[in-house]
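Participant: The file below is protein.cif, mmCIF, C-alpha atoms and all ligand atoms:
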data_work
#
loop_
_atom_site.group_PDB
_atom_site.id
_atom_site.type_symbol
_atom_site.label_atom_id
_atom_site.label_comp_id
_atom_site.auth_asym_id
_atom_site.auth_seq_id
_atom_site.Cartn_x
_atom_site.Cartn_y
_atom_site.Cartn_z
ATOM 1 C CA MET A 1 -22.495 21.804 -9.584
ATOM 2 C CA HIS A 2 -20.830 20.946 -12.886
ATOM 3 C CA GLN A 3 -18.740 24.124 -12.605
ATOM 4 C CA ARG A 4 -17.817 23.447 -8.969
ATOM 5 C CA LEU A 5 -16.698 19.936 -9.821
ATOM 6 C CA ALA A 6 -14.816 21.111 -12.920
ATOM 7 C CA ASN A 7 -13.012 23.753 -10.836
ATOM 8 C CA ALA A 8 -12.140 21.174 -8.211
ATOM 9 C CA LEU A 9 -10.635 18.926 -10.883
ATOM 10 C CA SER A 10 -8.633 21.729 -12.471
ATOM 11 C CA TYR A 11 -7.324 22.844 -9.036
ATOM 12 C CA GLY A 12 -6.190 19.276 -8.347
ATOM 13 C CA GLU A 13 -8.590 18.807 -5.432
ATOM 14 C CA PHE A 14 -9.547 15.207 -6.195
ATOM 15 C CA HIS A 15 -7.426 12.282 -5.043
ATOM 16 C CA VAL A 16 -7.384 8.685 -6.059
ATOM 17 C CA VAL A 17 -7.035 6.237 -3.179
ATOM 18 C CA TYR A 18 -6.277 2.531 -3.473
ATOM 19 C CA GLN A 19 -7.791 -0.353 -1.540
ATOM 20 C CA PRO A 20 -6.153 -3.799 -1.683
ATOM 21 C CA LEU A 21 -7.977 -6.727 -3.318
ATOM 22 C CA ILE A 22 -7.011 -9.996 -1.631
ATOM 23 C CA ARG A 23 -6.868 -13.625 -2.750
ATOM 24 C CA MET A 24 -8.509 -15.490 0.115
ATOM 25 C CA GLU A 25 -6.526 -18.705 -0.280
ATOM 26 C CA THR A 26 -3.151 -17.045 0.287
ATOM 27 C CA ARG A 27 -4.148 -13.626 1.657
ATOM 28 C CA GLU A 28 -1.875 -12.005 -0.929
ATOM 29 C CA ILE A 29 -2.693 -8.732 -2.670
ATOM 30 C CA ILE A 30 -3.713 -9.363 -6.246
ATOM 31 C CA GLY A 31 -4.815 -5.861 -7.123
ATOM 32 C CA VAL A 32 -6.343 -2.567 -6.071
ATOM 33 C CA GLU A 33 -9.654 -0.800 -6.442
ATOM 34 C CA ALA A 34 -9.248 2.875 -7.293
ATOM 35 C CA LEU A 35 -11.686 5.097 -5.373
ATOM 36 C CA THR A 36 -12.067 8.857 -5.555
ATOM 37 C CA ARG A 37 -11.803 11.295 -2.639
ATOM 38 C CA TRP A 38 -12.695 14.981 -2.541
ATOM 39 C CA PRO A 39 -11.246 16.640 0.571
ATOM 40 C CA GLN A 40 -13.120 19.735 1.798
ATOM 41 C CA ARG A 41 -11.765 22.898 3.412
ATOM 42 C CA ASP A 42 -12.879 21.741 6.865
ATOM 43 C CA ASP A 43 -10.640 18.652 6.596
ATOM 44 C CA THR A 44 -13.580 16.321 5.970
ATOM 45 C CA PHE A 45 -14.199 14.335 2.786
ATOM 46 C CA ALA A 46 -17.238 14.836 0.623
ATOM 47 C CA PRO A 47 -19.032 11.448 0.687
ATOM 48 C CA PRO A 48 -18.231 9.696 -2.627
ATOM 49 C CA GLU A 49 -21.809 8.461 -2.966
ATOM 50 C CA THR A 50 -22.992 12.102 -2.956
ATOM 51 C CA PHE A 51 -20.463 13.801 -5.222
ATOM 52 C CA ILE A 52 -20.295 10.859 -7.633
ATOM 53 C CA ALA A 53 -24.105 11.037 -7.930
ATOM 54 C CA GLN A 54 -23.877 14.810 -8.505
ATOM 55 C CA ALA A 55 -21.160 14.290 -11.097
ATOM 56 C CA GLU A 56 -23.368 11.666 -12.729
ATOM 57 C CA THR A 57 -26.383 14.011 -12.865
ATOM 58 C CA SER A 58 -24.401 16.947 -14.202
ATOM 59 C CA GLY A 59 -22.521 14.806 -16.728
ATOM 60 C CA PHE A 60 -19.169 15.734 -15.186
ATOM 61 C CA ILE A 61 -18.568 12.078 -14.294
ATOM 62 C CA VAL A 62 -17.289 11.527 -17.836
ATOM 63 C CA GLN A 63 -14.343 13.886 -17.273
ATOM 64 C CA LEU A 64 -13.816 12.825 -13.672
ATOM 65 C CA GLY A 65 -13.941 9.152 -14.578
ATOM 66 C CA GLU A 66 -11.399 9.586 -17.351
ATOM 67 C CA TRP A 67 -9.080 11.397 -14.937
ATOM 68 C CA VAL A 68 -9.457 8.628 -12.323
ATOM 69 C CA LEU A 69 -8.743 5.943 -14.921
ATOM 70 C CA ARG A 70 -5.662 7.730 -16.272
ATOM 71 C CA THR A 71 -4.289 8.549 -12.801
ATOM 72 C CA ALA A 72 -4.808 5.025 -11.475
ATOM 73 C CA ALA A 73 -3.510 3.354 -14.648
ATOM 74 C CA GLU A 74 -0.297 5.422 -14.482
ATOM 75 C CA GLN A 75 0.167 4.517 -10.830
ATOM 76 C CA VAL A 76 -0.556 0.821 -11.173
ATOM 77 C CA LYS A 77 1.726 0.557 -14.217
ATOM 78 C CA ILE A 78 4.539 1.939 -12.001
ATOM 79 C CA TRP A 79 3.729 -0.607 -9.274
ATOM 80 C CA GLN A 80 3.638 -3.457 -11.787
ATOM 81 C CA THR A 81 7.034 -2.483 -13.145
ATOM 82 C CA MET A 82 8.560 -2.084 -9.676
ATOM 83 C CA SER A 83 7.172 -5.336 -8.293
ATOM 84 C CA GLY A 84 7.372 -7.449 -11.438
ATOM 85 C CA LYS A 85 3.843 -8.626 -10.629
ATOM 86 C CA PRO A 86 0.704 -8.253 -12.756
ATOM 87 C CA LEU A 87 -1.118 -6.247 -10.073
ATOM 88 C CA ARG A 88 -4.729 -5.728 -11.179
ATOM 89 C CA LEU A 89 -6.506 -2.386 -11.337
ATOM 90 C CA ALA A 90 -10.268 -2.167 -10.736
ATOM 91 C CA VAL A 91 -12.010 1.089 -11.674
ATOM 92 C CA ASN A 92 -15.684 1.937 -11.174
ATOM 93 C CA LEU A 93 -17.711 2.886 -14.230
ATOM 94 C CA SER A 94 -20.894 4.862 -13.641
ATOM 95 C CA GLY A 95 -23.995 4.538 -15.799
ATOM 96 C CA ARG A 96 -23.307 7.611 -17.853
ATOM 97 C CA GLN A 97 -19.702 6.617 -18.502
ATOM 98 C CA PHE A 98 -20.731 3.103 -19.444
ATOM 99 C CA THR A 99 -23.081 4.302 -22.176
ATOM 100 C CA GLN A 100 -20.897 7.169 -23.391
ATOM 101 C CA HIS A 101 -20.393 6.803 -27.126
ATOM 102 C CA ASN A 102 -16.607 7.262 -27.063
ATOM 103 C CA LEU A 103 -15.974 5.106 -23.981
ATOM 104 C CA LEU A 104 -13.935 2.551 -25.928
ATOM 105 C CA ARG A 105 -11.855 5.249 -27.581
ATOM 106 C CA THR A 106 -11.082 6.920 -24.243
ATOM 107 C CA ILE A 107 -10.057 3.622 -22.667
ATOM 108 C CA GLN A 108 -7.859 2.716 -25.628
ATOM 109 C CA ASP A 109 -6.167 6.134 -25.443
ATOM 110 C CA VAL A 110 -5.456 5.720 -21.725
ATOM 111 C CA LEU A 111 -4.122 2.186 -22.236
ATOM 112 C CA HIS A 112 -1.894 3.432 -25.036
ATOM 113 C CA GLU A 113 -0.596 6.427 -23.043
ATOM 114 C CA THR A 114 0.034 4.540 -19.816
ATOM 115 C CA LYS A 115 1.098 1.245 -21.444
ATOM 116 C CA LEU A 116 -1.041 -0.605 -18.909
ATOM 117 C CA ASP A 117 -1.677 -4.192 -19.999
ATOM 118 C CA PRO A 118 -5.466 -4.350 -20.608
ATOM 119 C CA THR A 119 -5.613 -7.857 -19.121
ATOM 120 C CA THR A 120 -4.690 -6.313 -15.746
ATOM 121 C CA LEU A 121 -7.565 -3.805 -15.937
ATOM 122 C CA GLU A 122 -11.132 -4.458 -14.852
ATOM 123 C CA PHE A 123 -14.193 -2.269 -14.721
ATOM 124 C CA GLU A 124 -16.807 -2.435 -11.987
ATOM 125 C CA ILE A 125 -20.386 -1.863 -13.094
ATOM 126 C CA THR A 126 -23.381 -2.094 -10.789
ATOM 127 C CA GLU A 127 -26.022 -4.634 -11.706
ATOM 128 C CA THR A 128 -28.609 -1.867 -12.127
ATOM 129 C CA VAL A 129 -26.444 -0.153 -14.750
ATOM 130 C CA ALA A 130 -25.661 -3.470 -16.436
ATOM 131 C CA MET A 131 -29.306 -4.576 -16.555
ATOM 132 C CA HIS A 132 -30.641 -1.220 -17.780
ATOM 133 C CA ASN A 133 -30.768 -1.676 -21.565
ATOM 134 C CA ALA A 134 -29.220 -5.085 -21.084
ATOM 135 C CA GLU A 135 -28.889 -5.730 -24.816
ATOM 136 C CA ASP A 136 -26.732 -2.604 -25.198
ATOM 137 C CA SER A 137 -24.776 -3.576 -22.088
ATOM 138 C CA ILE A 138 -23.936 -6.960 -23.554
ATOM 139 C CA GLY A 139 -22.558 -5.239 -26.657
ATOM 140 C CA ILE A 140 -20.440 -2.754 -24.699
ATOM 141 C CA MET A 141 -19.133 -5.461 -22.366
ATOM 142 C CA ARG A 142 -18.191 -7.661 -25.311
ATOM 143 C CA GLN A 143 -16.174 -4.797 -26.786
ATOM 144 C CA LEU A 144 -14.367 -4.300 -23.472
ATOM 145 C CA LYS A 145 -13.685 -8.020 -23.258
ATOM 146 C CA GLN A 146 -12.272 -7.978 -26.780
ATOM 147 C CA LEU A 147 -9.671 -5.511 -25.533
ATOM 148 C CA GLY A 148 -8.791 -8.041 -22.826
ATOM 149 C CA ILE A 149 -10.415 -6.022 -20.024
ATOM 150 C CA GLY A 150 -12.241 -7.807 -17.178
ATOM 151 C CA ILE A 151 -15.732 -6.960 -15.921
ATOM 152 C CA SER A 152 -17.056 -7.166 -12.370
ATOM 153 C CA LEU A 153 -20.631 -6.728 -11.229
ATOM 154 C CA ASP A 154 -20.439 -4.321 -8.272
ATOM 155 C CA ASP A 155 -22.704 -4.186 -5.193
ATOM 156 C CA PHE A 156 -24.326 -7.457 -6.261
ATOM 157 C CA GLY A 157 -27.623 -8.195 -4.531
ATOM 158 C CA THR A 158 -28.683 -4.602 -3.868
ATOM 159 C CA GLY A 159 -29.852 -3.538 -7.295
ATOM 160 C CA TYR A 160 -32.156 -4.737 -9.966
ATOM 161 C CA SER A 161 -30.969 -7.995 -11.471
ATOM 162 C CA SER A 162 -32.455 -10.212 -14.109
ATOM 163 C CA LEU A 163 -31.154 -13.770 -13.925
ATOM 164 C CA SER A 164 -31.961 -14.329 -17.577
ATOM 165 C CA TYR A 165 -29.596 -11.479 -18.452
ATOM 166 C CA LEU A 166 -27.065 -12.388 -15.794
ATOM 167 C CA LYS A 167 -26.330 -15.632 -17.600
ATOM 168 C CA ARG A 168 -25.842 -13.759 -20.881
ATOM 169 C CA LEU A 169 -23.651 -10.919 -19.624
ATOM 170 C CA PRO A 170 -19.931 -11.574 -20.173
ATOM 171 C CA ILE A 171 -19.046 -11.022 -16.509
ATOM 172 C CA ASP A 172 -15.868 -12.360 -14.930
ATOM 173 C CA LYS A 173 -16.557 -11.595 -11.311
ATOM 174 C CA ILE A 174 -19.421 -10.839 -8.962
ATOM 175 C CA LYS A 175 -18.766 -8.493 -6.044
ATOM 176 C CA ILE A 176 -21.077 -9.357 -3.154
ATOM 177 C CA ASP A 177 -22.339 -6.156 -1.579
ATOM 178 C CA LYS A 178 -21.012 -5.371 1.874
ATOM 179 C CA SER A 179 -24.527 -5.221 3.352
ATOM 180 C CA PHE A 180 -24.677 -9.045 3.129
ATOM 181 C CA VAL A 181 -21.219 -9.468 4.618
ATOM 182 C CA ARG A 182 -21.708 -7.152 7.611
ATOM 183 C CA ASP A 183 -23.737 -9.531 9.801
ATOM 184 C CA ILE A 184 -21.820 -12.725 9.021
ATOM 185 C CA PRO A 185 -21.685 -15.096 10.897
ATOM 186 C CA ASP A 186 -24.622 -14.082 13.144
ATOM 187 C CA ASP A 187 -27.409 -13.539 10.620
ATOM 188 C CA THR A 188 -28.476 -16.913 9.206
ATOM 189 C CA ASN A 189 -30.321 -15.244 6.327
ATOM 190 C CA ASP A 190 -27.143 -13.493 5.227
ATOM 191 C CA LEU A 191 -25.220 -16.765 5.482
ATOM 192 C CA ALA A 192 -27.781 -18.376 3.190
ATOM 193 C CA ILE A 193 -27.777 -15.479 0.712
ATOM 194 C CA VAL A 194 -23.996 -15.242 0.545
ATOM 195 C CA SER A 195 -23.416 -18.975 0.084
ATOM 196 C CA ALA A 196 -26.170 -19.075 -2.564
ATOM 197 C CA ILE A 197 -24.649 -16.129 -4.487
ATOM 198 C CA ILE A 198 -21.241 -17.839 -4.446
ATOM 199 C CA ALA A 199 -22.706 -21.163 -5.632
ATOM 200 C CA MET A 200 -24.691 -19.427 -8.386
ATOM 201 C CA ALA A 201 -21.696 -17.382 -9.578
ATOM 202 C CA HIS A 202 -19.508 -20.480 -9.765
ATOM 203 C CA ALA A 203 -22.197 -22.421 -11.623
ATOM 204 C CA LEU A 204 -22.275 -19.564 -14.150
ATOM 205 C CA GLY A 205 -18.479 -19.662 -14.481
ATOM 206 C CA MET A 206 -17.903 -16.417 -12.600
ATOM 207 C CA GLN A 207 -15.538 -15.684 -9.747
ATOM 208 C CA VAL A 208 -16.584 -13.982 -6.513
ATOM 209 C CA LEU A 209 -15.205 -11.130 -4.439
ATOM 210 C CA ALA A 210 -16.753 -10.218 -1.083
ATOM 211 C CA GLU A 211 -16.820 -6.512 -0.198
ATOM 212 C CA GLY A 212 -16.663 -5.029 3.269
ATOM 213 C CA VAL A 213 -14.823 -7.879 5.003
ATOM 214 C CA GLU A 214 -13.982 -6.481 8.420
ATOM 215 C CA THR A 215 -13.498 -9.528 10.673
ATOM 216 C CA GLU A 216 -11.692 -12.861 10.693
ATOM 217 C CA PRO A 217 -14.942 -14.905 11.133
ATOM 218 C CA GLN A 218 -16.365 -13.190 8.034
ATOM 219 C CA ALA A 219 -13.232 -14.042 6.042
ATOM 220 C CA GLU A 220 -13.291 -17.644 7.263
ATOM 221 C CA PHE A 221 -16.949 -18.178 6.374
ATOM 222 C CA LEU A 222 -16.460 -16.676 2.913
ATOM 223 C CA HIS A 223 -13.366 -18.753 2.272
ATOM 224 C CA ASP A 224 -15.204 -21.914 3.383
ATOM 225 C CA CYS A 225 -17.960 -21.098 0.860
ATOM 226 C CA GLY A 226 -15.350 -20.927 -1.902
ATOM 227 C CA CYS A 227 -15.237 -17.142 -2.288
ATOM 228 C CA GLU A 228 -12.002 -16.420 -4.184
ATOM 229 C CA TYR A 229 -11.360 -12.770 -3.363
ATOM 230 C CA ALA A 230 -12.081 -10.213 -0.662
ATOM 231 C CA GLN A 231 -11.786 -6.544 0.068
ATOM 232 C CA GLY A 232 -12.341 -4.717 3.326
ATOM 233 C CA TYR A 233 -10.951 -3.090 6.422
ATOM 234 C CA LEU A 234 -9.625 -6.461 7.702
ATOM 235 C CA PHE A 235 -7.031 -6.294 4.920
ATOM 236 C CA GLY A 236 -6.759 -2.553 4.361
ATOM 237 C CA ARG A 237 -8.632 0.679 3.785
ATOM 238 C CA ALA A 238 -8.415 2.804 0.674
ATOM 239 C CA ILE A 239 -5.345 5.024 1.047
ATOM 240 C CA VAL A 240 -3.259 7.402 -1.094
ATOM 241 C CA ALA A 241 -0.568 5.949 -3.370
ATOM 242 C CA PRO A 242 2.557 6.717 -1.256
ATOM 243 C CA ASP A 243 0.932 5.161 1.835
ATOM 244 C CA PHE A 244 -0.264 2.154 -0.155
ATOM 245 C CA GLN A 245 3.214 1.582 -1.525
ATOM 246 C CA GLU A 246 4.825 1.850 1.903
ATOM 247 C CA LEU A 247 2.322 -0.460 3.544
ATOM 248 C CA PHE A 248 1.697 -3.066 0.865
ATOM 249 C CA LEU A 249 4.639 -2.931 -1.556
ATOM 250 C CA PRO A 250 7.546 -2.108 0.780
ATOM 251 C CA THR A 251 10.096 -4.231 -1.053
ATOM 252 C CA THR A 252 9.399 -2.373 -4.283
ATOM 253 C CA ARG A 253 10.773 0.949 -3.050
ATOM 254 C CA PRO A 254 13.529 2.109 -5.415
HETATM 255 P P1 LIG A 301 -17.892 0.664 -4.324
HETATM 256 O O1 LIG A 301 -17.358 0.677 -5.707
HETATM 257 O O2 LIG A 301 -18.760 -0.478 -3.938
HETATM 258 O O3 LIG A 301 -16.612 0.761 -3.384
HETATM 259 C C1 LIG A 301 -16.503 0.098 -2.160
HETATM 260 C C2 LIG A 301 -16.844 1.017 -1.028
HETATM 261 O O4 LIG A 301 -16.827 0.269 0.187
HETATM 262 C C3 LIG A 301 -15.836 2.139 -0.830
HETATM 263 O O5 LIG A 301 -16.550 3.261 -0.340
HETATM 264 C C4 LIG A 301 -14.924 1.572 0.248
HETATM 265 O O6 LIG A 301 -14.221 2.553 0.961
HETATM 266 C C5 LIG A 301 -15.949 0.876 1.106
HETATM 267 N N1 LIG A 301 -15.360 -0.185 1.908
HETATM 268 C C6 LIG A 301 -14.310 -0.965 1.608
HETATM 269 N N2 LIG A 301 -14.065 -1.865 2.573
HETATM 270 C C7 LIG A 301 -14.986 -1.658 3.530
HETATM 271 C C8 LIG A 301 -15.253 -2.279 4.800
HETATM 272 O O7 LIG A 301 -14.590 -3.212 5.245
HETATM 273 N N3 LIG A 301 -16.320 -1.821 5.507
HETATM 274 C C9 LIG A 301 -17.091 -0.790 5.057
HETATM 275 N N4 LIG A 301 -18.105 -0.408 5.829
HETATM 276 N N5 LIG A 301 -16.872 -0.172 3.878
HETATM 277 C C10 LIG A 301 -15.820 -0.607 3.115
HETATM 278 P P2 LIG A 301 -16.333 4.733 -0.890
HETATM 279 O O8 LIG A 301 -14.889 4.950 -1.236
HETATM 280 O O9 LIG A 301 -17.003 5.636 0.060
HETATM 281 O O10 LIG A 301 -17.111 4.731 -2.270
HETATM 282 C C11 LIG A 301 -18.489 4.573 -2.312
HETATM 283 C C12 LIG A 301 -18.961 4.358 -3.723
HETATM 284 O O11 LIG A 301 -18.750 5.521 -4.517
HETATM 285 C C13 LIG A 301 -18.213 3.238 -4.420
HETATM 286 O O12 LIG A 301 -18.722 2.002 -4.032
HETATM 287 C C14 LIG A 301 -18.492 3.593 -5.867
HETATM 288 O O13 LIG A 301 -19.761 3.150 -6.252
HETATM 289 C C15 LIG A 301 -18.506 5.107 -5.833
HETATM 290 N N6 LIG A 301 -17.206 5.616 -6.300
HETATM 291 C C16 LIG A 301 -16.098 5.912 -5.593
HETATM 292 N N7 LIG A 301 -15.112 6.349 -6.408
HETATM 293 C C17 LIG A 301 -15.631 6.324 -7.670
HETATM 294 C C18 LIG A 301 -15.107 6.673 -8.973
HETATM 295 O O14 LIG A 301 -13.957 7.063 -9.149
HETATM 296 N N8 LIG A 301 -15.971 6.516 -10.031
HETATM 297 C C19 LIG A 301 -17.241 6.039 -9.875
HETATM 298 N N9 LIG A 301 -18.005 5.909 -10.971
HETATM 299 N N10 LIG A 301 -17.750 5.715 -8.682
HETATM 300 C C20 LIG A 301 -16.959 5.850 -7.594
HETATM 301 MG MG MG A 302 -16.532 -0.665 -6.818
HETATM 302 MG MG MG A 303 -19.282 -2.168 -4.273
#
Will you turn the file into structure tokens for me?

Facilitator:
Amino acid sequence: MHQRLANALSYGEFHVVYQPLIRMETREIIGVEALTRWPQRDDTFAPPETFIAQAETSGFIVQLGEWVLRTAAEQVKIWQTMSGKPLRLAVNLSGRQFTQHNLLRTIQDVLHETKLDPTTLEFEITETVAMHNAEDSIGIMRQLKQLGIGISLDDFGTGYSSLSYLKRLPIDKIKIDKSFVRDIPDDTNDLAIVSAIIAMAHALGMQVLAEGVETEPQAEFLHDCGCEYAQGYLFGRAIVAPDFQELFLPTTRP
């Protein structure tokens, strides 16, 4: 599998796609999440959950992740320059990447090469990864924060979370998992969970982004609960850079 993935990377088979991140108050785009796609010969896409997990097991995620970061940082730097806006870039960090000994060095190299302002970069880490060896996680996150980079806790509510560590982790933003958003506003349990997560995050000084927002009633409920940011098909799917630019940054065309 490692060899197959390495070949795919060297043949340029992977793509980075960009999904808009929205400020709920104004509905403006404040950034993008970079997501990886691996098109197959039969015109389908390999499911990211599957090939990312395979890349994680084989260790290839370290190379793939570095490529995604560099590609997305280059692209977002171009968009920032064209638009004159500090568009944010969110990149997922897997467990193996997060604990890789030269993670900081790699990130610093990419920031240097692409000239991306580190304060416009944020990494998404799942709570399970963050809580595993939480003491080490705190150290790594602090180093990232010292570079000016933001940290989001991805898929919040689905993994293993310790509240005693949550309050100690230097996290800027909690991303509520889309499984809690899906049945808003019909499922009263989900309404309770989502509003409680938002209240807790705010009490801990963290901001909140809701994933998987697909409908107007979902967006309205989340906004009423004080959720600052959202992401989902209501606002836009993850698409390749030229399409993203045409759809979301039309005035920035040269
Ligand atoms: P994630 O980081 O939680 O990314 C959000 C996922 O939700 C994406 O799935 C996105 O396409 C999907 N999504 C966004 N809006 C909606 C919506 O309104 N409704 C629904 N049903 N889904 C929505 P995707 O692209 O399939 O990625 C799945 C997961 O694979 C990601 O979850 C992330 O954990 C992982 N992944 C993807 N690309 C990378 C990467 O470059 N590196 C790492 N480490 N992981 C990645
Ligand atoms: Mg993510
Ligand atoms: Mg997520």

Participant: When the PyMOL selection byres (((chain A and resi 237-254) around 10) and not hetatm) is applied to the structure above, which residues does it catch, written out as a VMD selection string?

Facilitator: chain A and resid 15 to 20 28 to 29 32 to 37 72 75 to 76 79 to 84 212 231 to 236

Participant: Restricting the output to C-alpha atoms, write the selected residues as a tab-separated table (two decimals), in the coordinates of the input.

Facilitator:
chain	number	residue	atom	x	y	z
A	15	HIS	CA	-7.43	12.28	-5.04
A	16	VAL	CA	-7.38	8.68	-6.06
A	17	VAL	CA	-7.04	6.24	-3.18
A	18	TYR	CA	-6.28	2.53	-3.47
A	19	GLN	CA	-7.79	-0.35	-1.54
A	20	PRO	CA	-6.15	-3.80	-1.68
A	28	GLU	CA	-1.88	-12.00	-0.93
A	29	ILE	CA	-2.69	-8.73	-2.67
A	32	VAL	CA	-6.34	-2.57	-6.07
A	33	GLU	CA	-9.65	-0.80	-6.44
A	34	ALA	CA	-9.25	2.88	-7.29
A	35	LEU	CA	-11.69	5.10	-5.37
A	36	THR	CA	-12.07	8.86	-5.56
A	37	ARG	CA	-11.80	11.30	-2.64
A	72	ALA	CA	-4.81	5.03	-11.48
A	75	GLN	CA	0.17	4.52	-10.83
A	76	VAL	CA	-0.56	0.82	-11.17
A	79	TRP	CA	3.73	-0.61	-9.27
A	80	GLN	CA	3.64	-3.46	-11.79
A	81	THR	CA	7.03	-2.48	-13.14
A	82	MET	CA	8.56	-2.08	-9.68
A	83	SER	CA	7.17	-5.34	-8.29
A	84	GLY	CA	7.37	-7.45	-11.44
A	212	GLY	CA	-16.66	-5.03	3.27
A	231	GLN	CA	-11.79	-6.54	0.07
A	232	GLY	CA	-12.34	-4.72	3.33
A	233	TYR	CA	-10.95	-3.09	6.42
A	234	LEU	CA	-9.62	-6.46	7.70
A	235	PHE	CA	-7.03	-6.29	4.92
A	236	GLY	CA	-6.76	-2.55	4.36

Participant: Quick one: apply the PyMOL selection byres (((not hetatm)) within 10 of (chain A and resi 303)) to the file and drop the selected residues here as a PyMOL selection string.

Facilitator: chain A and resi 33+92+124-126+152-156+158+174-179+209-212+231

Participant: Would you translate the PyMOL selection byres (((chain A and resi 183) around 12) and not hetatm) into the concrete set of residues it matches in this file, as a PDB file with C-alpha atoms, keeping the file's coordinate frame?

Facilitator:
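Generated output (expr.pdb):
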ATOM      1  CA  ASP A 177     -22.339  -6.156  -1.579  1.00  0.00           C
ATOM      2  CA  LYS A 178     -21.012  -5.371   1.874  1.00  0.00           C
ATOM      3  CA  SER A 179     -24.527  -5.221   3.352  1.00  0.00           C
ATOM      4  CA  PHE A 180     -24.677  -9.045   3.129  1.00  0.00           C
ATOM      5  CA  VAL A 181     -21.219  -9.468   4.618  1.00  0.00           C
ATOM      6  CA  ARG A 182     -21.708  -7.152   7.611  1.00  0.00           C
ATOM      7  CA  ILE A 184     -21.820 -12.725   9.021  1.00  0.00           C
ATOM      8  CA  PRO A 185     -21.685 -15.096  10.897  1.00  0.00           C
ATOM      9  CA  ASP A 186     -24.622 -14.082  13.144  1.00  0.00           C
ATOM     10  CA  ASP A 187     -27.409 -13.539  10.620  1.00  0.00           C
ATOM     11  CA  THR A 188     -28.476 -16.913   9.206  1.00  0.00           C
ATOM     12  CA  ASN A 189     -30.321 -15.244   6.327  1.00  0.00           C
ATOM     13  CA  ASP A 190     -27.143 -13.493   5.227  1.00  0.00           C
ATOM     14  CA  LEU A 191     -25.220 -16.765   5.482  1.00  0.00           C
ATOM     15  CA  ALA A 192     -27.781 -18.376   3.190  1.00  0.00           C
ATOM     16  CA  ILE A 193     -27.777 -15.479   0.712  1.00  0.00           C
ATOM     17  CA  VAL A 194     -23.996 -15.242   0.545  1.00  0.00           C
ATOM     18  CA  GLY A 212     -16.663  -5.029   3.269  1.00  0.00           C
ATOM     19  CA  VAL A 213     -14.823  -7.879   5.003  1.00  0.00           C
ATOM     20  CA  GLU A 214     -13.982  -6.481   8.420  1.00  0.00           C
ATOM     21  CA  THR A 215     -13.498  -9.528  10.673  1.00  0.00           C
ATOM     22  CA  PRO A 217     -14.942 -14.905  11.133  1.00  0.00           C
ATOM     23  CA  GLN A 218     -16.365 -13.190   8.034  1.00  0.00           C
ATOM     24  CA  PHE A 221     -16.949 -18.178   6.374  1.00  0.00           C
TER      25      PHE A 221
END

Participant: To one decimal in Å, tell me the separation between CA of Arg168 in chain A and atom C15 of ligand LIG 301 (chain A).

Facilitator: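 One can read the CA of Arg168 in chain A to atom C15 of ligand LIG 301 (chain A) distance as 25.2 Å.
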
Participant: For each of A:Ile107, A:Ala53, A:Ala196, A:Leu222, take the minimum atom-to-atom distance to ligand LIG 301 (chain A), counting all atoms listed in the file, then give the residue where this is smallest.

Facilitator: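 For ligand LIG 301 (chain A), the nearest of the candidates is A:Ala53.
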
Participant: Report, as AutoDock Vina command-line options, the centre and edge lengths in Å (one decimal) of the axis-aligned box enclosing every listed atom of ligand LIG 301 (chain A), padded by 8 Å on each side.

Facilitator:
--center_x -16.9 --center_y 1.9 --center_z -2.6 --size_x 21.8 --size_y 26.3 --size_z 32.8

Participant: Measuring atom to atom with all atoms listed in the file, identify which of A:Asn133, A:Thr120, A:Thr106, A:Ser164 is nearest to Ile30 in chain A.

Facilitator: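 Ranking A:Asn133, A:Thr120, A:Thr106, A:Ser164 by distance to Ile30 in chain A, first place goes to A:Thr120.
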
Participant: Rank A:Pro39, A:Gly12, A:Pro47, A:Gly150 by their smallest atom-to-atom distance to ligand LIG 301 (chain A), using only C-alpha atoms and all ligand atoms, and report the top residue only.

Facilitator: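 Nearest to ligand LIG 301 (chain A): A:Pro47.
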
Participant: Restricting the calculation to all atoms listed in the file: of A:Val110, A:Leu204, A:Cys227, A:Val91, which residue gets closest to ligand MG 302 (chain A)?

Facilitator: A:Val91

Participant: At a cut-off of 10 Å around the point (-19.3, 11.3, -11.2) (file coordinates), what residues fall inside when counting only C-alpha atoms? I'd like the answer as a short mmCIF file (atom, residue, chain, number, x, y, z; two decimals) with C-alpha atoms, in the frame of the given file.

Facilitator:
data_model
loop_
_atom_site.label_atom_id
_atom_site.label_comp_id
_atom_site.auth_asym_id
_atom_site.auth_seq_id
_atom_site.Cartn_x
_atom_site.Cartn_y
_atom_site.Cartn_z
CA HIS A 2 -20.83 20.95 -12.89
CA LEU A 5 -16.70 19.94 -9.82
CA THR A 36 -12.07 8.86 -5.56
CA PRO A 48 -18.23 9.70 -2.63
CA GLU A 49 -21.81 8.46 -2.97
CA THR A 50 -22.99 12.10 -2.96
CA PHE A 51 -20.46 13.80 -5.22
CA ILE A 52 -20.30 10.86 -7.63
CA ALA A 53 -24.10 11.04 -7.93
CA GLN A 54 -23.88 14.81 -8.51
CA ALA A 55 -21.16 14.29 -11.10
CA GLU A 56 -23.37 11.67 -12.73
CA THR A 57 -26.38 14.01 -12.86
CA SER A 58 -24.40 16.95 -14.20
CA GLY A 59 -22.52 14.81 -16.73
CA PHE A 60 -19.17 15.73 -15.19
CA ILE A 61 -18.57 12.08 -14.29
CA VAL A 62 -17.29 11.53 -17.84
CA GLN A 63 -14.34 13.89 -17.27
CA LEU A 64 -13.82 12.82 -13.67
CA GLY A 65 -13.94 9.15 -14.58
CA LEU A 93 -17.71 2.89 -14.23
CA SER A 94 -20.89 4.86 -13.64
CA GLY A 95 -24.00 4.54 -15.80
CA ARG A 96 -23.31 7.61 -17.85
CA GLN A 97 -19.70 6.62 -18.50
#
